[in-house]
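See structure below.
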Amino acid sequence: MPSFRTTRRVKHSAADMFELVADMERYPEFVPLCQRLSVLRRAEGGQDTKILESAMTVAYGPLHETFTTKVTLDRPRLAILVEYLDGPFEYLENRWRFRPAGENASEVDFYIAYEFRSRVLGLVMGSVFDAAFRRFAEAFERRADEIYRVSDA
């Protein structure tokens, strides 16, 4: 089963990075392959935790696939868990953790594991998804730089 994990130190607070990743409806503006994302349901999970159900459409050339997930936004723990519900995968799990690393800096831990239901789709899309997932954390870091206006100076 393909998986990818990375930890990046960024020039933004853990709280800001959590909010950026939690703002899922903006993903089509900057996330690789994300053509559309809709939040279908929102619920309170208790202790400042929110549970969302979302539908994300990914596109590469003429191929378009939509899948639904359950997303747990755990603000007190600065963690986001994405669990697969339905679509072209046999399995999909995605986790984000945000740890403070000094003033206005944090470590962002990104993990994803997935397996396509169809062997043919896995052969066609597998390498594309793998490359895109490897660029996810970088895409969020660039987006944070744009939104929170931090320069290298």
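Labels used: A, B, ... for chains in the order of the structure tokens, numbers from 1 for residues in each chain, and numbers from 1 for ligands as shown.
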Using only C-alpha atoms, find each residue of segment 54-100 of chain A with at least one atom at most 9 Å away from an atom of segment 29-33 of chain A; report its shortest atom-to-atom pair and that distance in Å (one decimal), sort the rows by chain and rising residue number, and return the result as a Markdown table.
```
| residue | atom | partner | partner_atom | distance |
| --- | --- | --- | --- | --- |
| A:Thr57 | CA | A:Leu33 | CA | 8.3 |
| A:Val58 | CA | A:Leu33 | CA | 5.1 |
| A:Ala59 | CA | A:Leu33 | CA | 5.4 |
| A:Tyr60 | CA | A:Leu33 | CA | 6.4 |
```
Take the residues just selected and output them with N, CA and C atoms as a JSON list (two decimals), in the first residue's frame.
```json
[["chain", "number", "residue", "atom", "x", "y", "z"],
["A", 57, "THR", "N", -13.18, 16.13, -5.44],
["A", 57, "THR", "CA", -12.98, 15.64, -6.81],
["A", 57, "THR", "C", -11.56, 15.96, -7.21],
["A", 58, "VAL", "N", -10.84, 14.91, -7.60],
["A", 58, "VAL", "CA", -9.48, 15.08, -8.11],
["A", 58, "VAL", "C", -9.51, 14.83, -9.61],
["A", 59, "ALA", "N", -8.67, 15.56, -10.32],
["A", 59, "ALA", "CA", -8.66, 15.45, -11.78],
["A", 59, "ALA", "C", -7.23, 15.45, -12.28],
["A", 60, "TYR", "N", -7.03, 14.62, -13.28],
["A", 60, "TYR", "CA", -5.75, 14.59, -13.99],
["A", 60, "TYR", "C", -6.08, 14.29, -15.44]]
```
Helix (DSSP H, G or I) call set, DSSP backbone run, chain A, as a ChimeraX atom specification: /A:14-22,24-29,119-148
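Distances here use only C-alpha atoms; by that measure, the residue among A:Ile51, A:Tyr27, A:Pro2, A:Glu44 closest to Phe136 of chain A is A:Tyr27.
Ranking A:Tyr91, A:Phe18, A:Phe129, A:Phe4 by their shortest atom-to-atom distance to Glu107 of chain A, with only C-alpha atoms included, puts A:Phe18 first.
If you count only C-alpha atoms and ignore residues fewer than 4 places along the chain from Leu85 of chain A, what sits within 10 Å of it is A:Glu53, A:Ser54, A:Ala55, A:Phe67, A:Thr68, A:Thr69, A:Lys70, A:Phe89, A:Glu90, A:Tyr91, A:Leu92.
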Strand (DSSP E) call set, DSSP backbone run, segment 35-117 of chain A, as a VMD selection string: chain A and resid 35 to 46 49 to 60 63 to 74 79 to 86 89 to 100 106 to 116
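Excluding Gly102 of chain A itself and same-chain residues fewer than 5 positions from it, the residues having an atom within 10 Å of it are Lys11, His12, Ser13, Ala14 and Glu107 of chain A, counting only C-alpha atoms.
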Pairwise distance for atom CA of Arg99 of chain A and atom CA of Pro76 of chain A, rounded to one decimal in Å: 11.5 Å
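Atom CA of Ser3 of chain A sits 8.2 Å away from atom CA of Asp130 of chain A.
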Proximity to Arg5 of chain A - best of A:Glu93, A:Glu103, A:Glu115, A:Glu141, only C-alpha atoms: A:Glu93
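If you measure from each of A:Val108, A:Ala132, A:Val39, A:Leu63 to Leu78 of chain A using only C-alpha atoms, the closest one turns out to be A:Val108.
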